[in-house]
Amino acid sequence: MSAPRGVKPTWALVLAMNQLPLTRQCLTSVLALDPPADRVLLVDNGSTDGTAETVRLEFPAVEVMRLETNRYFAGGVNEGLRRALGQGARSVLLLNNDVVLERPALGKLRQALEADPRLAAVSPKIYYFDVPDVIWFAGGEVGRRTGLIRHRGVNVKDEKLRDGPRDVEYVSLAAALLSSAAIESVGLLDPEYVMYVEDVDWGARARARGFRLGYEPSAKVWHHVSATSGGGLTPLKAYYRLRSGALYLSRHGTPWQRPLAWLAYLTWTKWLVTRSLIRGDTRSAKALLLGFFDFTWILLGFRPPARTPESFAPPAPRR
């Protein structure tokens with residue numbers, strides 16, 4: 001369905017990298033939204049499983065942008081945002097390919113976003129897909145003393161959370177509706193984060209420009225958490241959670257937050273290293289130690305070391 005003449009459309013932008021069965025599930029829920037998105041764009045972020053070709057065949061209403069290489073999260077999203085904004089989008093519903101939306105979700109998010117021109121973005125309540133009554137995200141919080149980043153309500157049963165619409169410090173870009181006016185003012189995502197914390201950084205930049213960020217719990221989404229990067233702790237996630245946290249603190253943290261954050265991240269890293277070693281996961285333990293070294297390096301004001309997600313891939317099996 002297209003927006004009425006003279007009314008700027010709402011786009012749904014789904015970022016995918018492999019995981020074709022999850023992409024099918026996500027797109028099916030997007031196309032069932034009521035009211036619907038005016039246009040749906042899939043950004044295929046260098047998939048090797050035929051995602052682009054299959055989606056073109058099975059979902060003819062979905063526009064496909066095929067990227068030949070993996071631009072990682074921020075790079076892939078930015079390509080889609082440029083397309084949507086260049087074609088006059090009024091708002092963009094950003095989605096991971098591993099989420100499923102309740103049918104009224106977009107309408108509720110759009111109603112909240114359009115109620116206040118200073119609202120840059122609004123996030124739904126996001127649940128674990130495998131435990132559908134347990135919350136994964138109910139708004140983003142950043143610790144005032146330590147700068148630690150956390151999801152409000154994570155791992156809490158829905159019935160136990162006192163909830164309602166509220167301002168938050170960041171929205172999760174696993175699922176969020178963004179105003180095009182805010183994107184044009186704040187800018188695109190920062191690709192230097194590679195993965196994780198891009199949404200927290202964008203939220204900080206939006207708030208610095210006088211925008212608000214919102215959370216609307218009546219809009220509901222279910223998330224196959226970490227499907228693309230691997231379930232549970234992996235060397236990839238272990239390293240980039242630390243690296244990206246340090247980048248955020250170096251750009252948005254206050255000088256007195258940084259030593260407190262260093263101690264808090266040290267405690268968190270020691271706990272994860274111990275847990276990894278008990279499980280015999282030495283690769284994740286090594287990635288955590290490397291991540292904390294780079295975390296410290298970045299907080300001291302040095303450039304992040306040149307590393308890529310591919311360097312944390314599992315070793316190829318011996319023939």
# chains A, B, ... in the order shown; residues from 1 in each chain; ligands from 1

call {"tool": "closest_atom_pairs", "arguments": {"of": "region 202-264 of chain A", "to": "region 121-126 of chain A", "cutoff": "8 Å", "atoms": "only C-alpha atoms", "output": "CSV"}}
result
residue,atom,partner,partner_atom,distance
A:Arg212,CA,A:Ala121,CA,7.6
A:Leu213,CA,A:Ala121,CA,5.3
A:Gly214,CA,A:Val122,CA,4.4
A:Tyr215,CA,A:Ser123,CA,4.8
A:Glu216,CA,A:Pro124,CA,5.1
A:Pro217,CA,A:Lys125,CA,4.7
A:Ser218,CA,A:Pro124,CA,7.2
A:Ala219,CA,A:Pro124,CA,4.9
A:Lys220,CA,A:Lys125,CA,5.1
A:Val221,CA,A:Ile126,CA,4.8
A:Trp222,CA,A:Ile126,CA,5.5
A:His223,CA,A:Ile126,CA,6.6

call {"tool": "write_last_selection", "arguments": {"atoms": "C-alpha atoms", "output": "compact mmCIF listing (two decimals), in the first residue's frame"}}
result
# COMPACT_ATOMS: atom_id res chain seq x y z
CA ARG A 212 13.77 12.88 22.85
CA LEU A 213 13.71 9.10 22.56
CA GLY A 214 10.63 7.11 23.46
CA TYR A 215 9.46 3.66 24.48
CA GLU A 216 5.95 2.44 23.65
CA PRO A 217 5.10 -0.84 25.43
CA SER A 218 1.78 -1.35 23.64
CA ALA A 219 3.80 -2.10 20.48
CA LYS A 220 5.19 -5.62 20.78
CA VAL A 221 8.00 -7.48 19.02
CA TRP A 222 9.64 -10.89 19.58
CA HIS A 223 13.38 -11.31 18.97

call {"tool": "closest_atom_pairs", "arguments": {"of": "region 192-267 of chain A", "to": "region 272-290 of chain A", "cutoff": "8 Å", "atoms": "only C-alpha atoms", "output": "CSV"}}
result
residue,atom,partner,partner_atom,distance
A:Leu233,CA,A:Ser284,CA,7.3
A:Thr234,CA,A:Ser284,CA,5.7
A:Pro235,CA,A:Ser284,CA,4.2
A:Leu236,CA,A:Ala287,CA,7.4
A:Ala238,CA,A:Leu288,CA,5.3
A:Tyr239,CA,A:Ala287,CA,5.3
A:Leu242,CA,A:Leu288,CA,7.7

call {"tool": "select_by_dssp", "arguments": {"residues": "region 20-264 of chain A", "states": "alpha helix (DSSP H)", "output": "NGL selection string"}}
result
:A and (20-31 or 51-58 or 72-86 or 105-114 or 180-186 or 198-208 or 235-252 or 257-264)

call {"tool": "residues_around", "arguments": {"residues": "Ile149 (chain A)", "least_positions_apart": "5", "cutoff": "10 Å", "atoms": "only C-alpha atoms", "output": "short mmCIF file (atom, residue, chain, number, x, y, z; two decimals) with C-alpha atoms, in the first residue's frame"}}
result
data_model
loop_
_atom_site.label_atom_id
_atom_site.label_comp_id
_atom_site.auth_asym_id
_atom_site.auth_seq_id
_atom_site.Cartn_x
_atom_site.Cartn_y
_atom_site.Cartn_z
CA GLY A 140 17.59 1.69 27.17
CA GLU A 141 19.42 3.08 30.21
CA VAL A 142 22.95 4.40 30.67
CA GLY A 143 24.37 4.49 34.22
CA ARG A 144 25.01 8.05 35.38
CA GLU A 169 18.26 7.15 26.78
CA TYR A 170 18.44 4.92 23.74
CA VAL A 197 26.27 0.23 20.80
CA VAL A 200 23.31 4.03 22.10
CA GLY A 245 31.50 0.19 25.13
CA TYR A 248 30.93 5.11 23.55
#

call {"tool": "select_by_dssp", "arguments": {"residues": "region 9-188 of chain A", "states": "strand (DSSP E or B)", "output": "PyMOL selection string"}}
result
chain A and resi 10-16+39-45+63-67+91-96+99-101+119-128+134-137+140-142+149-151+157+166-167+170+175-179

call {"tool": "closest_residue", "arguments": {"among": "A:Leu263, A:Ala306, A:Leu20, A:Ala313", "to": "Gly147 (chain A)", "atoms": "only C-alpha atoms"}}
result
A:Leu263

call {"tool": "atom_distance", "arguments": {"atom1": "CA of Arg207 (chain A)", "atom2": "CA of Leu260 (chain A)"}}
result
23.1 Å

call {"tool": "residues_around", "arguments": {"residues": "Arg258 (chain A)", "least_positions_apart": "6", "cutoff": "9 Å", "atoms": "only C-alpha atoms", "output": "list in words"}}
result
Thr146, Gly147, Leu249, Ser250 and Leu299 of chain A

call {"tool": "residues_around", "arguments": {"residues": "region 9-15 of chain A", "least_positions_apart": "6", "cutoff": "6 Å", "atoms": "only C-alpha atoms", "output": "PyMOL selection string"}}
result
chain A and resi 3+37-43+89-97

call {"tool": "write_last_selection", "arguments": {"atoms": "C-alpha atoms", "output": "PDB file, in the first residue's frame"}}
result
ATOM      1  CA  ALA A   3       0.818   6.607   1.246  1.00  0.00           C
ATOM      2  CA  ALA A  37       4.278   0.078   5.991  1.00  0.00           C
ATOM      3  CA  ASP A  38       4.040   1.999   2.732  1.00  0.00           C
ATOM      4  CA  ARG A  39       7.235   0.436   1.407  1.00  0.00           C
ATOM      5  CA  VAL A  40       9.348  -2.501   2.565  1.00  0.00           C
ATOM      6  CA  LEU A  41      13.077  -2.674   1.825  1.00  0.00           C
ATOM      7  CA  LEU A  42      15.332  -5.637   2.543  1.00  0.00           C
ATOM      8  CA  VAL A  43      19.036  -4.803   2.706  1.00  0.00           C
ATOM      9  CA  ALA A  89      10.432   8.600   3.657  1.00  0.00           C
ATOM     10  CA  ARG A  90       8.804  10.378   6.578  1.00  0.00           C
ATOM     11  CA  SER A  91       9.805   7.655   9.030  1.00  0.00           C
ATOM     12  CA  VAL A  92      11.732   4.388   8.876  1.00  0.00           C
ATOM     13  CA  LEU A  93      10.984   1.233  10.850  1.00  0.00           C
ATOM     14  CA  LEU A  94      14.411  -0.368  11.386  1.00  0.00           C
ATOM     15  CA  LEU A  95      14.322  -4.127  11.965  1.00  0.00           C
ATOM     16  CA  ASN A  96      16.754  -6.981  12.405  1.00  0.00           C
ATOM     17  CA  ASN A  97      15.791  -9.937  10.246  1.00  0.00           C
TER      18      ASN A  97
END

call {"tool": "residues_around", "arguments": {"residues": "Pro259 (chain A)", "least_positions_apart": "5", "cutoff": "10 Å", "atoms": "only C-alpha atoms", "output": "PDB file with C-alpha atoms, in the first residue's frame"}}
result
ATOM      1  CA  ARG A 145      28.028   7.115  37.528  1.00  0.00           C
ATOM      2  CA  THR A 146      29.663   4.424  35.426  1.00  0.00           C
ATOM      3  CA  THR A 254      32.492  12.363  31.394  1.00  0.00           C
ATOM      4  CA  ALA A 264      32.904  -1.907  36.433  1.00  0.00           C
ATOM      5  CA  TYR A 265      33.949  -3.394  33.085  1.00  0.00           C
ATOM      6  CA  THR A 296      41.631   0.253  28.295  1.00  0.00           C
ATOM      7  CA  LEU A 299      39.734   4.901  27.249  1.00  0.00           C
TER       8      LEU A 299
END

call {"tool": "closest_residue", "arguments": {"among": "A:Ser29, A:Thr69, A:Thr48, A:Gln87", "to": "Arg103 (chain A)", "atoms": "only C-alpha atoms"}}
result
A:Ser29

call {"tool": "residues_around", "arguments": {"residues": "Ile135 (chain A)", "least_positions_apart": "2", "cutoff": "10 Å", "atoms": "only C-alpha atoms", "output": "short mmCIF file (atom, residue, chain, number, x, y, z; two decimals) with C-alpha atoms, in the first residue's frame"}}
result
data_model
loop_
_atom_site.label_atom_id
_atom_site.label_comp_id
_atom_site.auth_asym_id
_atom_site.auth_seq_id
_atom_site.Cartn_x
_atom_site.Cartn_y
_atom_site.Cartn_z
CA LYS A 125 8.61 -3.67 23.97
CA ILE A 126 10.82 -6.52 22.77
CA TYR A 127 10.48 -10.06 24.12
CA TYR A 128 12.62 -13.17 23.73
CA PHE A 129 11.12 -15.22 20.90
CA VAL A 131 10.38 -17.30 25.98
CA PRO A 132 7.60 -15.07 24.70
CA ASP A 133 6.47 -13.62 28.03
CA PHE A 137 14.17 -4.73 26.02
CA ALA A 138 11.86 -2.21 27.68
CA HIS A 151 18.36 -2.86 28.82
CA ARG A 152 15.59 -1.94 31.19
CA GLY A 153 13.46 -4.94 32.15
CA VAL A 154 15.77 -7.56 30.66
CA ASN A 155 14.93 -11.14 31.76
CA VAL A 156 11.87 -9.93 33.71
CA LYS A 157 8.50 -11.60 33.17
CA ASP A 158 6.11 -9.21 31.49
CA GLU A 159 3.57 -9.38 34.31
CA LEU A 161 7.23 -5.01 35.16
CA VAL A 221 8.00 -7.48 19.02
CA TRP A 222 9.64 -10.89 19.58
CA HIS A 223 13.38 -11.31 18.97
#

call {"tool": "closest_residue", "arguments": {"among": "A:Asp98, A:Glu310, A:Asp44, A:Glu79", "to": "Leu67 (chain A)", "atoms": "only C-alpha atoms"}}
result
A:Asp44

call {"tool": "closest_residue", "arguments": {"among": "A:Trp136, A:Trp202, A:Tyr240, A:Phe59", "to": "Pro309 (chain A)", "atoms": "only C-alpha atoms"}}
result
A:Tyr240

call {"tool": "closest_residue", "arguments": {"among": "A:Val168, A:Arg303, A:Ala32, A:Val134", "to": "Leu247 (chain A)", "atoms": "only C-alpha atoms"}}
result
A:Arg303
